[in-house]
>>> print(open('target.cif').read())   # mmCIF, C-alpha atoms
data_upload
loop_
_atom_site.label_atom_id
_atom_site.label_comp_id
_atom_site.auth_asym_id
_atom_site.auth_seq_id
_atom_site.Cartn_x
_atom_site.Cartn_y
_atom_site.Cartn_z
CA MET V 1 -8.00 5.32 12.76
CA LEU V 2 -11.68 4.94 12.16
CA PRO V 3 -13.86 5.36 15.22
CA ARG V 4 -13.68 2.74 17.91
CA ASN V 5 -14.76 -0.55 16.43
CA SER V 6 -13.30 -0.04 12.99
CA SER V 7 -9.88 -1.16 12.04
CA GLY V 8 -9.33 2.04 10.14
CA ALA V 9 -8.03 3.17 6.80
CA GLU V 10 -4.54 2.35 7.89
CA ASP V 11 -5.36 -1.31 8.44
CA LEU V 12 -7.83 -1.84 5.65
CA PRO V 13 -10.85 0.36 6.34
CA GLY V 14 -14.14 -1.24 7.07
CA ASN V 15 -12.57 -4.29 8.72
CA SER V 16 -14.73 -3.77 11.74
CA SER V 17 -15.23 -6.67 14.06
CA ASP V 18 -18.80 -5.65 14.80
CA SER V 19 -19.85 -3.95 11.60
CA ARG V 20 -22.91 -6.21 11.37
CA PRO V 21 -22.60 -7.02 7.69
CA GLY V 22 -25.62 -8.30 5.86
CA ASN V 23 -25.74 -11.59 4.03
CA VAL V 24 -24.53 -9.98 0.80
CA GLU V 25 -21.47 -8.44 2.45
CA GLN V 26 -20.71 -11.68 4.27
CA VAL V 27 -20.47 -13.39 0.88
CA LEU V 28 -18.86 -10.61 -1.17
CA VAL V 29 -16.21 -9.57 1.37
CA PRO V 30 -14.60 -13.03 1.67
CA PHE V 31 -14.80 -13.52 -2.11
CA PHE V 32 -13.01 -10.26 -2.93
CA ASP V 33 -10.59 -10.70 -0.03
CA VAL V 34 -9.51 -14.13 -1.25
CA LEU V 35 -9.19 -12.84 -4.81
CA ILE V 36 -7.09 -9.86 -3.75
CA LEU V 37 -5.03 -12.02 -1.40
CA VAL V 38 -4.17 -14.51 -4.15
CA LEU V 39 -3.42 -11.84 -6.75
CA GLY V 40 -1.51 -9.66 -4.32
CA LEU V 41 0.64 -12.34 -2.73
CA GLY V 42 1.32 -13.93 -6.12
CA GLY V 43 2.17 -10.61 -7.75
CA HIS V 44 4.44 -9.38 -4.97
CA SER V 45 6.16 -12.77 -4.66
CA THR V 46 6.97 -12.62 -8.37
CA VAL V 47 8.18 -9.03 -8.09
CA MET V 48 10.45 -9.81 -5.14
CA LEU V 49 11.80 -12.93 -6.87
CA ILE V 50 12.74 -10.97 -10.00
CA LEU V 51 14.27 -8.10 -8.03
CA CYS V 52 16.34 -10.52 -5.94
CA ARG V 53 17.52 -12.25 -9.12
CA ARG V 54 18.60 -8.87 -10.49
CA HIS V 55 20.53 -8.19 -7.30
CA ARG V 56 22.32 -11.54 -7.42
CA LYS V 57 23.17 -10.95 -11.08
CA ARG V 58 24.71 -7.56 -10.31
CA ALA V 59 26.51 -8.99 -7.29
CA GLY V 60 28.18 -11.50 -9.59
CA GLN V 61 29.56 -8.69 -11.69
CA SER V 62 32.40 -6.36 -10.81
CA ALA V 63 32.19 -4.32 -7.63
CA GLN V 64 32.00 -1.09 -9.61
CA SER V 65 29.11 -2.37 -11.73
CA SER V 66 27.27 -3.61 -8.67
CA MET V 67 27.56 -0.29 -6.85
CA THR V 68 26.31 1.75 -9.80
CA GLY V 69 23.10 -0.24 -10.15
CA THR V 70 19.86 1.72 -9.89
CA GLY V 71 18.32 2.27 -6.49
CA THR V 72 14.84 2.00 -8.00
CA ASP V 73 14.91 -1.78 -7.54
CA VAL V 74 15.57 -1.27 -3.84
CA LEU V 75 12.51 0.95 -3.47
CA LEU V 76 10.37 -1.45 -5.48
CA LEU V 77 11.47 -4.30 -3.22
CA ALA V 78 10.64 -2.23 -0.14
CA LEU V 79 7.24 -1.37 -1.63
CA SER V 80 6.41 -5.00 -2.36
CA SER V 81 7.58 -6.05 1.10
CA ALA V 82 5.31 -3.50 2.81
CA ASP V 83 2.29 -4.47 0.70
CA PHE V 84 3.04 -8.18 1.19
CA LEU V 85 3.09 -7.76 4.97
CA LEU V 86 -0.10 -5.68 4.82
CA LEU V 87 -1.86 -8.46 2.91
CA ALA V 88 -0.77 -10.92 5.61
CA THR V 89 -3.11 -9.18 8.08
CA LEU V 90 -6.09 -9.41 5.74
CA PRO V 91 -7.34 -12.92 6.74
CA PHE V 92 -7.83 -11.78 10.36
CA HIS V 93 -10.11 -8.93 9.31
CA THR V 94 -11.96 -11.13 6.83
CA ALA V 95 -12.70 -13.69 9.52
CA ALA V 96 -13.85 -10.94 11.91
CA ILE V 97 -16.31 -9.58 9.32
CA VAL V 98 -17.71 -13.02 8.49
CA MET V 99 -18.03 -14.02 12.16
CA GLN V 100 -19.28 -10.55 13.17
CA LYS V 101 -16.89 -10.47 16.10
CA TRP V 102 -13.16 -10.38 16.88
CA PRO V 103 -12.19 -13.89 18.03
CA PHE V 104 -8.39 -13.56 18.07
CA GLY V 105 -7.72 -11.86 21.39
CA ILE V 106 -6.24 -8.54 22.41
CA PHE V 107 -2.64 -9.15 21.24
CA LEU V 108 -3.60 -9.92 17.65
CA CYS V 109 -6.10 -7.05 17.77
CA ARG V 110 -3.27 -4.66 18.60
CA MET V 111 -0.74 -6.31 16.28
CA ALA V 112 -3.12 -6.31 13.30
CA GLY V 113 -3.86 -2.63 13.85
CA PHE V 114 -0.19 -1.79 14.27
CA LEU V 115 0.94 -3.71 11.18
CA GLY V 116 -1.91 -2.36 9.08
CA SER V 117 -1.06 1.23 9.97
CA ALA V 118 2.72 0.80 9.69
CA CYS V 119 2.63 -1.07 6.37
CA SER V 120 0.15 1.24 4.65
CA SER V 121 2.10 4.30 5.82
CA ALA V 122 5.43 2.78 4.78
CA SER V 123 3.95 1.93 1.39
CA ALA V 124 2.79 5.54 0.89
CA PHE V 125 6.16 6.91 2.01
CA THR V 126 7.97 4.52 -0.33
CA LEU V 127 5.80 5.62 -3.25
CA SER V 128 6.84 9.19 -2.45
CA ALA V 129 10.51 8.22 -2.33
CA LEU V 130 10.12 6.39 -5.63
CA ALA V 131 8.63 9.53 -7.22
CA VAL V 132 11.46 11.70 -5.90
CA SER V 133 14.01 9.15 -7.12
CA ARG V 134 12.56 9.20 -10.62
CA TYR V 135 12.52 13.00 -10.60
CA MET V 136 16.20 13.08 -9.64
CA THR V 137 17.07 10.47 -12.27
CA VAL V 138 15.34 12.36 -15.10
CA VAL V 139 15.94 16.00 -14.17
CA HIS V 140 19.26 15.78 -12.29
CA PRO V 141 20.94 12.60 -13.59
CA ALA V 142 24.44 13.55 -12.44
CA THR V 143 23.26 14.17 -8.88
CA ALA V 144 21.18 11.01 -8.95
CA TYR V 145 24.17 8.97 -10.15
CA ARG V 146 26.22 10.30 -7.25
CA LEU V 147 23.61 10.08 -4.49
CA LEU V 148 21.16 7.29 -5.37
CA SER V 149 23.36 4.28 -4.86
CA PRO V 150 21.57 1.07 -3.82
CA ARG V 151 23.14 1.24 -0.37
CA ARG V 152 21.94 4.79 0.31
CA VAL V 153 18.51 4.12 -1.11
CA ALA V 154 18.23 1.00 1.05
CA MET V 155 19.07 3.12 4.10
CA VAL V 156 16.37 5.63 3.16
CA ALA V 157 13.83 2.85 2.57
CA THR V 158 14.61 1.45 6.01
CA LEU V 159 14.40 4.84 7.73
CA LEU V 160 10.96 5.42 6.20
CA TRP V 161 9.67 2.74 8.58
CA VAL V 162 10.51 4.96 11.57
CA PRO V 163 7.73 7.54 11.00
CA ALA V 164 5.46 4.73 9.77
CA CYS V 165 5.90 2.83 13.05
CA CYS V 166 5.48 6.03 15.05
CA LEU V 167 2.15 6.63 13.34
CA ALA V 168 1.16 3.03 14.09
CA THR V 169 2.20 2.98 17.76
CA PRO V 170 -1.16 4.30 19.09
CA GLN V 171 -2.82 1.35 17.36
CA PHE V 172 -0.78 -1.07 19.46
CA VAL V 173 -1.02 0.93 22.69
CA PHE V 174 -4.69 1.90 22.75
CA ARG V 175 -6.49 -0.92 20.94
CA SER V 176 -8.53 -3.26 23.10
CA VAL V 177 -11.10 -6.03 22.78
CA ASP V 178 -14.39 -5.24 24.45
CA ILE V 179 -18.07 -6.14 24.38
CA LEU V 180 -20.42 -3.68 22.70
CA GLY V 181 -23.72 -5.38 23.14
CA THR V 182 -24.78 -8.46 21.33
CA PRO V 183 -25.37 -7.89 17.61
CA PRO V 184 -27.73 -10.13 15.66
CA GLY V 185 -26.14 -13.45 14.83
CA SER V 186 -23.24 -12.99 17.25
CA SER V 187 -22.77 -14.75 20.54
CA ASP V 188 -20.76 -12.16 22.44
CA GLY V 189 -20.34 -8.96 20.41
CA LEU V 190 -16.56 -8.79 20.89
CA ALA V 191 -15.04 -5.87 18.99
CA CYS V 192 -11.50 -4.69 18.34
CA PHE V 193 -11.50 -1.03 19.40
CA ALA V 194 -9.04 1.61 18.23
CA PHE V 195 -9.76 4.40 20.75
CA LEU V 196 -12.34 5.18 23.40
CA SER V 197 -12.36 8.98 23.09
CA HIS V 198 -13.95 10.71 20.10
CA LYS V 199 -11.50 13.60 20.47
CA ASP V 200 -8.53 11.22 20.40
CA GLN V 201 -9.95 9.55 17.31
CA LEU V 202 -10.34 12.90 15.56
CA ILE V 203 -6.81 14.08 16.36
CA TYR V 204 -5.21 10.79 15.35
CA GLY V 205 -7.34 10.43 12.22
CA LEU V 206 -6.52 13.93 10.96
CA PHE V 207 -2.83 13.47 11.77
CA HIS V 208 -2.75 10.18 9.88
CA PHE V 209 -4.61 11.69 6.93
CA LEU V 210 -2.13 14.56 6.63
CA LEU V 211 1.05 12.50 6.99
CA ALA V 212 0.15 9.19 5.35
CA PHE V 213 -2.07 10.42 2.52
CA LEU V 214 -1.99 14.14 1.78
CA LEU V 215 1.78 14.62 2.15
CA PRO V 216 2.67 11.59 -0.05
CA LEU V 217 0.06 12.64 -2.61
CA ILE V 218 1.51 16.16 -2.82
CA THR V 219 5.05 14.76 -3.09
CA ILE V 220 4.10 12.32 -5.85
CA THR V 221 2.15 14.95 -7.79
CA ILE V 222 4.91 17.57 -7.60
CA SER V 223 7.63 15.08 -8.54
CA TYR V 224 5.89 13.71 -11.62
CA GLY V 225 4.61 17.16 -12.55
CA ASN V 226 8.18 18.50 -12.56
CA ILE V 227 9.32 15.54 -14.67
CA TYR V 228 6.69 16.38 -17.26
CA LEU V 229 7.59 20.08 -17.25
CA PHE V 230 11.29 19.27 -17.65
CA LEU V 231 10.64 16.99 -20.61
CA TRP V 232 8.25 19.51 -22.17
CA ARG V 233 10.83 22.33 -21.91
CA THR V 234 13.56 20.08 -23.25
CA GLN V 235 11.49 19.14 -26.26
CA ASN V 236 10.45 22.73 -27.02
CA ALA V 237 14.06 23.88 -26.74
CA GLY V 238 14.96 21.40 -29.45
CA GLN V 239 17.69 19.87 -27.32
CA ALA V 240 16.38 16.34 -27.58
CA PRO V 241 13.77 15.77 -30.32
CA GLN V 242 13.67 12.05 -29.51
CA VAL V 243 12.31 12.86 -26.06
CA GLU V 244 8.71 13.19 -27.36
CA ARG V 245 7.98 9.47 -27.16
CA TYR V 246 9.47 9.24 -23.69
CA GLN V 247 7.52 12.35 -22.65
CA ASN V 248 4.21 10.81 -23.71
CA LYS V 249 4.99 7.61 -21.83
CA VAL V 250 5.99 9.51 -18.69
CA THR V 251 2.85 11.66 -18.90
CA GLN V 252 0.53 8.67 -19.16
CA THR V 253 2.36 6.70 -16.48
CA SER V 254 2.50 9.65 -14.07
CA ALA V 255 -1.21 10.35 -14.48
CA MET V 256 -2.03 6.71 -13.77
CA LEU V 257 0.20 6.62 -10.69
CA VAL V 258 -1.30 9.76 -9.15
CA LEU V 259 -4.83 8.71 -10.04
CA ALA V 260 -4.39 5.18 -8.69
CA PHE V 261 -2.98 6.38 -5.37
CA THR V 262 -5.75 8.96 -4.97
CA LEU V 263 -8.64 6.69 -5.93
CA SER V 264 -7.31 3.81 -3.81
CA TRP V 265 -7.09 5.66 -0.52
CA LEU V 266 -9.36 8.72 -0.81
CA PRO V 267 -12.63 6.77 -0.24
CA SER V 268 -11.36 5.21 3.00
CA TYR V 269 -9.99 8.48 4.35
CA GLY V 270 -13.18 10.24 3.28
CA LEU V 271 -15.21 7.66 5.19
CA MET V 272 -12.94 8.08 8.19
CA LEU V 273 -13.44 11.86 8.24
CA ALA V 274 -17.20 11.47 7.73
CA LEU V 275 -17.50 9.07 10.66
CA LEU V 276 -15.30 11.19 12.89
CA SER V 277 -17.42 14.28 12.22
CA ASP V 278 -20.71 12.37 12.55
CA ARG V 279 -21.77 12.42 16.17
CA SER V 280 -24.82 10.35 15.27
CA SER V 281 -22.53 7.36 14.80
CA GLY V 282 -22.47 7.14 18.57
CA ALA V 283 -20.28 4.97 20.68
CA THR V 284 -19.76 2.32 18.09
CA GLY V 285 -18.56 4.69 15.40
CA THR V 286 -20.83 3.19 12.75
CA SER V 287 -23.74 4.56 10.77
CA PRO V 288 -26.12 2.55 8.57
CA ARG V 289 -26.01 5.10 5.74
CA TYR V 290 -22.31 4.41 5.23
CA GLY V 291 -22.73 0.64 4.86
CA ALA V 292 -22.37 0.28 1.09
CA PHE V 293 -19.71 2.97 0.84
CA ALA V 294 -17.76 1.35 3.71
CA VAL V 295 -17.56 -1.89 1.74
CA PHE V 296 -16.48 0.02 -1.39
CA SER V 297 -13.82 2.05 0.42
CA ARG V 298 -12.43 -1.07 2.03
CA LEU V 299 -12.21 -2.78 -1.36
CA THR V 300 -10.35 0.13 -2.98
CA ALA V 301 -7.90 0.32 -0.09
CA ILE V 302 -6.89 -3.32 -0.17
CA ALA V 303 -6.94 -3.32 -3.99
CA SER V 304 -4.09 -0.80 -3.87
CA THR V 305 -1.81 -3.63 -2.79
CA VAL V 306 -2.56 -5.35 -6.10
CA LEU V 307 -2.28 -2.19 -8.21
CA ASN V 308 1.19 -1.29 -6.97
CA PRO V 309 3.09 -4.16 -8.60
CA MET V 310 1.18 -3.70 -11.84
CA LEU V 311 1.65 0.07 -12.11
CA TYR V 312 5.14 0.43 -10.69
CA VAL V 313 6.72 -2.72 -12.06
CA LEU V 314 4.73 -4.43 -14.79
CA MET V 315 4.62 -1.20 -16.83
CA SER V 316 8.39 -1.38 -17.09
CA GLN V 317 9.63 -2.99 -20.31
CA LYS V 318 12.74 -4.24 -18.51
CA PHE V 319 10.63 -5.97 -15.89
CA ARG V 320 8.40 -7.55 -18.51
CA GLN V 321 11.50 -8.99 -20.14
CA ASP V 322 12.68 -10.35 -16.78
CA LEU V 323 9.24 -11.83 -16.21
CA LEU V 324 9.27 -13.61 -19.57
CA ARG V 325 12.76 -14.96 -18.89
CA LEU V 326 11.64 -16.21 -15.49
CA PHE V 327 8.61 -18.01 -16.92
CA LYS V 328 10.71 -19.42 -19.72
CA LYS V 329 13.30 -20.72 -17.29
CA GLU V 330 10.66 -22.23 -15.02
CA GLY V 331 8.99 -23.82 -18.05
CA GLN V 332 12.27 -25.34 -19.18
CA ARG V 333 12.93 -26.63 -15.67
CA ALA V 334 9.47 -28.19 -15.50
CA SER V 335 9.83 -29.80 -18.91
CA GLY V 336 13.27 -31.09 -17.98
CA GLY V 337 11.94 -32.60 -14.78
CA ALA V 338 9.10 -34.26 -16.65
CA ALA V 339 11.55 -35.69 -19.20
CA THR V 340 13.62 -37.33 -16.47
#
>>> encode(input="target.cif", output="structure tokens")
Amino acid sequence: MLPRNSSGAEDLPGNSSDSRPGNVEQVLVPFFDVLILVLGLGGHSTVMLILCRRHRKRAGQSAQSSMTGTGTDVLLLALSSADFLLLATLPFHTAAIVMQKWPFGIFLCRMAGFLGSACSSASAFTLSALAVSRYMTVVHPATAYRLLSPRRVAMVATLLWVPACCLATPQFVFRSVDILGTPPGSSDGLACFAFLSHKDQLIYGLFHFLLAFLLPLITITISYGNIYLFLWRTQNAGQAPQVERYQNKVTQTSAMLVLAFTLSWLPSYGLMLALLSDRSSGATGTSPRYGAFAVFSRLTAIASTVLNPMLYVLMSQKFRQDLLRLFKKEGQRASGGAAT
């Protein structure tokens, strides 16, 4: 998605195999990558464990109770799965930045680009579906009760991967490993290219920006904005005075969700558009004046995989209770094992 040698916003922007990082970046990038990898994998593993435990608990109940369970858990599980898979590609890009070359061959070059694009797009689409689901649940509860069954929501979450994979297909088809010219400190200058044509880069980059960032952002903003307006009108009409506390919570949460999504991905897409419009970046698609901002935009993009479980799950009181019960159970199990 970024010009030629960059791995693009869709697969963690700034993960260029020939970005020629300085000594500071070569130290900071692995440090932050390891930190984000540990926090992200640990957080999403915990989220998926709790959500699976909820599912098994409902499955043990009556069939009617199981079928009327909320579909939100399904979307949260899909979100964590997409972010988890996205984090799995991170070590390849980290190694490429540290080594200042792409040492993993053409197949992994294409697969890393494809998975990065597909997972980040699926994550954005799932966030949009989650916002629409919450809007339906709050504003149209009867319709949501009838339509948003776990089975239907699971089908929607699965179908969201179709446009995500379509957006990612050019990454797998057109990526290649080539030699740019030997950079300082590198033995061969191998780079993982996205495209060879500047025009193709521009078309694909704009298309990805519109579908995987702008459209989800508009959907999320409209959904949470309508939730706030509905609660505000309900409160002013005097139909539900107790809704004020819930309204304040929804307002704060919605603002954080929209702000987090925007701040996480806007720097990387802004860098992408700047590089695509900058002819001075030349064949390599890099420009020295973007060096520090490229590192920052990459950090915010991969940090979004850590923010998602905190904002979308940990802010839920129900989930916090499940988390405490899980830790308590594990603690009891550990103490019981030590006693034996």
>>> residues_around(input="target.cif", residues="Pro30 of chain V", least_positions_apart="3", cutoff="9 Å", atoms="only C-alpha atoms", output="number ranges by chain")
V: 25-27, 33-35, 91, 94-95, 97-98
>>> resolve_selection(input="target.cif", expression="the PyMOL selection byres ((chain V and resi 147) around 12)", output="list in words")
Met67, Thr68, Gly69, Thr70, Gly71, Ser133, Met136, Thr137, His140, Pro141, Ala142, Thr143, Ala144, Tyr145, Arg146, Leu148, Ser149, Pro150, Arg151, Arg152, Val153, Ala154, Met155 and Val156 of chain V
>>> atom_distance(input="target.cif", atom1="atom CA of Arg320 of chain V", atom2="atom CA of His44 of chain V")
14.2 Å
>>> residues_around(input="target.cif", residues="segment 75-77 of chain V", least_positions_apart="4", cutoff="7 Å", atoms="all atoms listed in the file", output="ChimeraX atom specification")
/V:48,51,71,81,126,130,157
>>> closest_residue(input="target.cif", among="V:Arg134, V:Leu127, V:His198, V:Thr158", to="Ile227 of chain V", atoms="all atoms listed in the file")
V:Arg134
>>> closest_residue(input="target.cif", among="V:Leu217, V:Ile203, V:Leu259, V:Leu324", to="Leu273 of chain V", atoms="only C-alpha atoms")
V:Ile203
>>> closest_residue(input="target.cif", among="V:Thr221, V:Ser123, V:Thr262, V:Gln235", to="Ala78 of chain V", atoms="all atoms listed in the file")
V:Ser123
>>> closest_residue(input="target.cif", among="V:Gln317, V:Ser297, V:Gln100, V:Ser121", to="Val162 of chain V", atoms="all atoms listed in the file")
V:Ser121
>>> closest_residue(input="target.cif", among="V:Ala124, V:Leu190, V:Leu37, V:Leu275", to="Leu90 of chain V", atoms="all atoms listed in the file")
V:Leu37
>>> atom_distance(input="target.cif", atom1="atom CA of Leu276 of chain V", atom2="atom CA of Gln201 of chain V")
7.1 Å
>>> atom_distance(input="target.cif", atom1="atom CA of Lys57 of chain V", atom2="atom CA of Leu86 of chain V")
28.7 Å
>>> closest_residue(input="target.cif", among="V:Phe114, V:Tyr135, V:Phe104, V:Phe319", to="Cys166 of chain V", atoms="all atoms listed in the file")
V:Phe114
